[in-house]
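One structure is given below, encoded as structure tokens.
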Amino acid sequence: MRVDEVTCTGCGECLPYCPVGAIDMIDGIAAADQDECVECGVCTRVFSCPSDSMIQLSAEELGFPRSLRRYFSDPIAVSPVTMGAGRGTEECKTNDRTGRVKKGQAGFGIELGRPGVSTSFVDVEKVTKKVASIGVEFEQRNPIWPHLKDPGTGELKDEIKGERVLSLVVEFVTALDKTPQVMQALKELEQEVDTVFTVAVMCRVNEDKSVPVLPILQQMGLSPRPNAKINVGLGRPLAND
Amino acid sequence: MGGWLPSPSTQYPTPNTPEGEMTHTLHRQGSVESLKKDYCVLALVARQFDLKTEESKASAVERLRKISDVMAGNDPVNLGSIYVPGTYAHGLTSEQIKAGLKPNGFVLSVYDGKEKLKEVLSELKEKDFGISITVSGLIDEVFETCEEVGLAPHTISYSMGVWGKKSLLPKAEILEITSMCGHAMTSANLVKKAITDIKAGRTTAEAAAKGIAKPCACGCFNTSRATELLQQAASSSWLTAHG
């Protein structure tokens with residue numbers, strides 16, 4: 001996003017709307033820090049600038065690779081690569097239909113930059129490389145997939161590493177018994193990344209309502225938060241697994 | 001606060017896509033007592049199966065519209081869908097939202113208590129639309145509700161919380177509000193401004209909650225819970241100055 005410095009009156013009303021605090025007043029007018037701005041579009045879609053000075057270019061106008069900021073940050077921007085909007089996938093939300101996370105597996109959704117901090121792709125690559133070394137299976141429908149240079153190593157393509165997005169979900173599945181290795185890797189990553197990340201751990205629910213991944217997490221001294229996302233099994237036909 | 005509804009030039013995409021959107025109602029912050037007033041119910045089409053033919057797409061959107069009716073009929077706090085320009089919280093009616101649903105989208109509603117959740121799930125089970133339904137909320141209460149209405153939870157996504165450089169995060173009281181927009185479109189500074197405005201008598205907590213809900217494009221922001229949290233924040237002294 002850019003501010004028209006000729007028409008901006010310097011009222012400053014736009015500043016609090018920016019999720020990453022990229023807009024500031026410089027010499028009496030608003031200006032967006034182009035390194036920090038993630039092109040999410042909130043300042044033009046939600047805020048009505050009294051002087052109509054906010055200019056949000058479309059992804060096509062921004063051009064690659066800056067367009068990635070828009071695809072990963074604006075929830076209504078549809079990527080021409082994945083043909084989907086958003087930063088992740090259907091994950092557990094349709095797992096009763098798709099069976100992506102099967103019995104005996106754990107699924108992971110590591111969302112870098114969330115909540116409200118943003119992330120560079122340099123930090124994203126730290127995560128993809130670390131978990132790739134464990135031998136995880138990346139979700140191919142995830143919008144980061146086309147930007148992996150080598151899914152085996154988790155290395156990202158060089159041309160995107162200068163970009164920054166509001167958040168991005170790295171998704172993968174492993175065998176249940178690899179869960180401790182993944183969680184240990186995430187503990188190490190806490191010290192290595194210059195951002196925050198949320199951790200989601202997905203698992204099938206047994207008929208007796210037990211969840212196989214739970215004792216594994218608890219054995220590591222890790223407790224899930226009291227609230228979760230639960231697919232209640234109403235999709236039809238159910239996945240075979 | 002400016003209007004959320006887009007200018008005529010805003011393009012809303014209607015993709016025919018192989019993948020559904022993230023909605024991210026998982027990592028909502030707050031105490032158990034507060035989360036007892038916050039349940040999100042999502043209906044999402046499995047695109048790889050349900051959007052193969054024109055007939056299946058028509059079936060998908062028809063079923064989403066019927067689910068939307070069920071959701072709207074059980075007194076939601078919010079209701080919306082990502083490709084519909086606006087939500088309940090923005091002032092759209094359930095009929096407007098229903099009319100705007102696309103086969104490749106989803107419909108999402110928020111409830112402020114377990115009893116409403118139970119009614120919705122009971123009706124969705126009875127009508128058996130065949131579309132995946134996900135509930136975000138307190139695990140014990142959601143499992144208990146499933147048991148009561150005869151549903152067997154299929155998959156769970158646990159939140160292990162926020163990791164990494166947490167010094168970059170705003171205060172927990174702010175996060176409780178901003179994390180109700182799963183796409184993180186609601187800024188901490190907007191919440192701080194709202195609290196300051198409530199303290200100064202320039203707005204009410206209810207009006208401020210609606211304003212803060214505007215950046216949320218999909219309808220998962222709980223304006224009722226936000227009203228309570230804003231009122232509590234405005235009554236406390238932890239925020240002494242805007243910014």
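Note on naming: chains are A, B, ... as they come in the structure tokens, residues start from 1 per chain, ligands start from 1 in the order shown.
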Residue list (alpha helix (DSSP H), DSSP) for stretch 18-204 of chain A, as a PyMOL selection string = chain A and resi 42-45+59-62+67-73+95-98+121-132+179-190
message = Neighbouring residues of stretch 156-173 of chain B were defined as those with any atom within 7 Å, considering only C-alpha atoms; residues of the same chain fewer than 5 positions away were excluded. Please report them as a list in words.
response =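 The contact residues come out as Cys92, Val117, Glu190, Gln191, Val193, Asp194, Thr195, Val196, Phe197, Thr198, Val199, Ala200, Val201, Met202, Cys203, Arg204, Val205, Ser223, Pro224, Arg225, Ala228, Lys229, Ile230 and Asn231 of chain A; Leu26, His27 and Ala188 of chain B.
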Export N, CA and C atoms of the chosen residues as a PDB file, in the first residue's frame?
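Wrote result_14.pdb, looks like this:
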ATOM      1  N   CYS A  92      -7.910 -30.072   9.025  1.00  0.00           N
ATOM      2  CA  CYS A  92      -8.823 -30.976   9.732  1.00  0.00           C
ATOM      3  C   CYS A  92     -10.290 -30.678   9.428  1.00  0.00           C
ATOM      4  N   VAL A 117       1.853 -10.506  14.021  1.00  0.00           N
ATOM      5  CA  VAL A 117       3.241 -10.031  14.062  1.00  0.00           C
ATOM      6  C   VAL A 117       3.838  -9.957  12.659  1.00  0.00           C
ATOM      7  N   GLU A 190      12.044 -21.858  18.414  1.00  0.00           N
ATOM      8  CA  GLU A 190      11.624 -20.691  19.203  1.00  0.00           C
ATOM      9  C   GLU A 190      12.756 -19.675  19.347  1.00  0.00           C
ATOM     10  N   GLN A 191      13.965 -20.188  19.476  1.00  0.00           N
ATOM     11  CA  GLN A 191      15.116 -19.310  19.668  1.00  0.00           C
ATOM     12  C   GLN A 191      15.710 -18.831  18.343  1.00  0.00           C
ATOM     13  N   VAL A 193      13.876 -18.033  15.308  1.00  0.00           N
ATOM     14  CA  VAL A 193      13.093 -17.174  14.420  1.00  0.00           C
ATOM     15  C   VAL A 193      12.866 -15.798  15.054  1.00  0.00           C
ATOM     16  N   ASP A 194      12.703 -14.828  14.188  1.00  0.00           N
ATOM     17  CA  ASP A 194      12.488 -13.453  14.636  1.00  0.00           C
ATOM     18  C   ASP A 194      10.999 -13.105  14.556  1.00  0.00           C
ATOM     19  N   THR A 195      10.182 -14.047  14.959  1.00  0.00           N
ATOM     20  CA  THR A 195       8.737 -13.828  14.930  1.00  0.00           C
ATOM     21  C   THR A 195       8.081 -14.821  15.895  1.00  0.00           C
ATOM     22  N   VAL A 196       6.770 -14.813  15.915  1.00  0.00           N
ATOM     23  CA  VAL A 196       6.041 -15.806  16.711  1.00  0.00           C
ATOM     24  C   VAL A 196       5.434 -16.843  15.770  1.00  0.00           C
ATOM     25  N   PHE A 197       5.035 -17.956  16.325  1.00  0.00           N
ATOM     26  CA  PHE A 197       4.275 -18.919  15.521  1.00  0.00           C
ATOM     27  C   PHE A 197       3.324 -19.685  16.430  1.00  0.00           C
ATOM     28  N   THR A 198       2.169 -20.020  15.872  1.00  0.00           N
ATOM     29  CA  THR A 198       1.222 -20.860  16.605  1.00  0.00           C
ATOM     30  C   THR A 198       1.420 -22.307  16.160  1.00  0.00           C
ATOM     31  N   VAL A 199       1.128 -23.206  17.074  1.00  0.00           N
ATOM     32  CA  VAL A 199       1.316 -24.631  16.794  1.00  0.00           C
ATOM     33  C   VAL A 199      -0.017 -25.347  16.926  1.00  0.00           C
ATOM     34  N   ALA A 200      -0.439 -26.000  15.842  1.00  0.00           N
ATOM     35  CA  ALA A 200      -1.640 -26.841  15.857  1.00  0.00           C
ATOM     36  C   ALA A 200      -1.217 -28.279  15.629  1.00  0.00           C
ATOM     37  N   VAL A 201      -1.740 -29.177  16.448  1.00  0.00           N
ATOM     38  CA  VAL A 201      -1.435 -30.603  16.304  1.00  0.00           C
ATOM     39  C   VAL A 201      -2.757 -31.333  16.074  1.00  0.00           C
ATOM     40  N   MET A 202      -2.843 -31.985  14.926  1.00  0.00           N
ATOM     41  CA  MET A 202      -4.100 -32.657  14.540  1.00  0.00           C
ATOM     42  C   MET A 202      -3.997 -34.166  14.677  1.00  0.00           C
ATOM     43  N   CYS A 203      -5.099 -34.777  15.047  1.00  0.00           N
ATOM     44  CA  CYS A 203      -5.097 -36.229  15.221  1.00  0.00           C
ATOM     45  C   CYS A 203      -6.525 -36.760  15.125  1.00  0.00           C
ATOM     46  N   ARG A 204      -6.638 -37.981  14.648  1.00  0.00           N
ATOM     47  CA  ARG A 204      -7.951 -38.628  14.625  1.00  0.00           C
ATOM     48  C   ARG A 204      -8.402 -38.929  16.065  1.00  0.00           C
ATOM     49  N   VAL A 205      -9.713 -38.899  16.256  1.00  0.00           N
ATOM     50  CA  VAL A 205     -10.286 -39.216  17.574  1.00  0.00           C
ATOM     51  C   VAL A 205     -10.748 -40.677  17.545  1.00  0.00           C
ATOM     52  N   SER A 223       0.935 -29.299  27.260  1.00  0.00           N
ATOM     53  CA  SER A 223      -0.521 -29.401  27.403  1.00  0.00           C
ATOM     54  C   SER A 223      -1.208 -28.533  26.359  1.00  0.00           C
ATOM     55  N   PRO A 224      -2.150 -29.100  25.627  1.00  0.00           N
ATOM     56  CA  PRO A 224      -2.915 -28.273  24.691  1.00  0.00           C
ATOM     57  C   PRO A 224      -3.733 -27.222  25.441  1.00  0.00           C
ATOM     58  N   ARG A 225      -4.065 -26.159  24.736  1.00  0.00           N
ATOM     59  CA  ARG A 225      -4.971 -25.173  25.317  1.00  0.00           C
ATOM     60  C   ARG A 225      -6.368 -25.815  25.487  1.00  0.00           C
ATOM     61  N   ALA A 228     -10.144 -26.048  21.223  1.00  0.00           N
ATOM     62  CA  ALA A 228      -9.580 -26.724  20.054  1.00  0.00           C
ATOM     63  C   ALA A 228     -10.551 -26.597  18.883  1.00  0.00           C
ATOM     64  N   LYS A 229     -10.117 -27.137  17.758  1.00  0.00           N
ATOM     65  CA  LYS A 229     -10.975 -27.185  16.569  1.00  0.00           C
ATOM     66  C   LYS A 229     -11.324 -28.657  16.352  1.00  0.00           C
ATOM     67  N   ILE A 230     -12.613 -28.944  16.283  1.00  0.00           N
ATOM     68  CA  ILE A 230     -13.053 -30.343  16.276  1.00  0.00           C
ATOM     69  C   ILE A 230     -13.985 -30.608  15.094  1.00  0.00           C
ATOM     70  N   ASN A 231     -13.541 -31.494  14.218  1.00  0.00           N
ATOM     71  CA  ASN A 231     -14.379 -31.941  13.107  1.00  0.00           C
ATOM     72  C   ASN A 231     -15.333 -32.985  13.671  1.00  0.00           C
TER      73      ASN A 231
ATOM     74  N   LEU B  26      -8.902 -21.435  15.531  1.00  0.00           N
ATOM     75  CA  LEU B  26      -8.315 -22.319  16.535  1.00  0.00           C
ATOM     76  C   LEU B  26      -7.691 -21.593  17.719  1.00  0.00           C
ATOM     77  N   HIS B  27      -6.849 -20.624  17.453  1.00  0.00           N
ATOM     78  CA  HIS B  27      -5.996 -20.108  18.535  1.00  0.00           C
ATOM     79  C   HIS B  27      -6.608 -18.906  19.251  1.00  0.00           C
ATOM     80  N   ALA B 188      -3.880  -4.598  16.979  1.00  0.00           N
ATOM     81  CA  ALA B 188      -3.826  -4.279  18.406  1.00  0.00           C
ATOM     82  C   ALA B 188      -4.065  -2.787  18.619  1.00  0.00           C
TER      83      ALA B 188
END
inquiry  = Just to confirm, what's the straight-line distance from atom CA of A:Thr89 to atom CA of A:Leu166 in Å (one decimal)?
reply    =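 That distance, rounded to one decimal, is 16.1 Å.
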query = Could you name the residues that touch A:Val165 at 10 Å or less, counting only C-alpha atoms, but leaving out those on the same chain fewer than 4 positions away, as a list in words?
reply =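 Result of the neighbour search: Val20, Glu36, Cys37, Val38, Glu39, Cys40, Arg66, Leu68, Arg69, Arg70, Tyr71, Phe72, Ser73, Asp74, Arg87, Leu112, Gly113, Val117, Ser118, Thr119, Ser120 and Phe121 of chain A.
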With C-alpha atoms kept, could you save the residues just selected as a PDB file, in the first residue's frame?
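Okay, result.pdb is ready:
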ATOM      1  CA  VAL A  20       1.454  -4.712  11.499  1.00  0.00           C
ATOM      2  CA  GLU A  36       6.892  -3.876   6.819  1.00  0.00           C
ATOM      3  CA  CYS A  37       3.682  -3.488   4.773  1.00  0.00           C
ATOM      4  CA  VAL A  38       2.269  -6.941   3.961  1.00  0.00           C
ATOM      5  CA  GLU A  39      -0.266  -5.664   1.386  1.00  0.00           C
ATOM      6  CA  CYS A  40      -3.193  -7.098   3.379  1.00  0.00           C
ATOM      7  CA  ARG A  66       5.767  -8.802  -3.925  1.00  0.00           C
ATOM      8  CA  LEU A  68       3.006 -13.025  -2.467  1.00  0.00           C
ATOM      9  CA  ARG A  69       2.458 -10.490   0.306  1.00  0.00           C
ATOM     10  CA  ARG A  70      -1.066  -9.973  -0.939  1.00  0.00           C
ATOM     11  CA  TYR A  71      -1.875 -13.626  -1.563  1.00  0.00           C
ATOM     12  CA  PHE A  72      -0.729 -14.655   1.903  1.00  0.00           C
ATOM     13  CA  SER A  73      -2.022 -11.628   3.814  1.00  0.00           C
ATOM     14  CA  ASP A  74      -5.373 -10.655   2.290  1.00  0.00           C
ATOM     15  CA  ARG A  87      -2.631 -19.061   4.029  1.00  0.00           C
ATOM     16  CA  LEU A 112       4.391 -18.194  11.392  1.00  0.00           C
ATOM     17  CA  GLY A 113       3.668 -14.542  12.091  1.00  0.00           C
ATOM     18  CA  VAL A 117       3.241 -10.031  14.062  1.00  0.00           C
ATOM     19  CA  SER A 118       3.999 -11.059  10.418  1.00  0.00           C
ATOM     20  CA  THR A 119       6.877 -13.145   9.162  1.00  0.00           C
ATOM     21  CA  SER A 120       9.656 -13.096   6.600  1.00  0.00           C
ATOM     22  CA  PHE A 121      10.180 -16.050   4.279  1.00  0.00           C
TER      23      PHE A 121
END
ask   = Could you pull the residues within 12 Å of B:Thr196, counting only C-alpha atoms, minus those fewer than 2 positions along the same chain, as an NGL selection string?
value = :B and (189-194 or 198-205 or 208 or 230-231 or 233-243)
How about saving the chosen residues, C-alpha atoms kept, as a short mmCIF file (atom, residue, chain, number, x, y, z; two decimals), in the first residue's frame?
data_model
loop_
_atom_site.label_atom_id
_atom_site.label_comp_id
_atom_site.auth_asym_id
_atom_site.auth_seq_id
_atom_site.Cartn_x
_atom_site.Cartn_y
_atom_site.Cartn_z
CA ASN B 189 -3.73 -0.53 17.87
CA LEU B 190 -7.36 -0.49 16.77
CA VAL B 191 -8.33 -2.27 19.99
CA LYS B 192 -6.26 0.17 22.07
CA LYS B 193 -7.96 3.09 20.32
CA ALA B 194 -11.37 1.55 21.02
CA ILE B 198 -14.73 4.00 25.54
CA LYS B 199 -12.85 5.38 28.53
CA ALA B 200 -13.27 8.89 27.17
CA GLY B 201 -16.99 8.39 26.57
CA ARG B 202 -16.65 8.85 22.80
CA THR B 203 -18.21 5.44 22.07
CA THR B 204 -19.79 2.46 23.79
CA ALA B 205 -18.25 -0.98 24.15
CA ALA B 208 -16.59 -0.29 19.46
CA LEU B 230 -13.75 -4.12 25.90
CA GLN B 231 -15.94 -3.08 28.79
CA ALA B 233 -10.56 -3.32 29.63
CA ALA B 234 -12.09 0.15 29.75
CA SER B 235 -12.89 -0.32 33.43
CA SER B 236 -9.36 -1.33 34.31
CA SER B 237 -6.22 0.74 34.46
CA TRP B 238 -3.74 -1.31 32.44
CA LEU B 239 -4.14 0.82 29.37
CA THR B 240 -3.17 4.30 30.43
CA ALA B 241 -2.64 5.84 27.03
CA HIS B 242 -3.47 5.09 23.44
CA GLY B 243 -0.50 3.58 21.61
#
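Closest approach to B:Leu124 among B:Gly182, B:Gly150, B:Pro103, B:Pro85: B:Gly150, based on only C-alpha atoms.
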ask   = Which value, in Å to one decimal, gives the distance between atom CA of B:Lys36 and atom CA of B:Gly113?
value = 6.2 Å
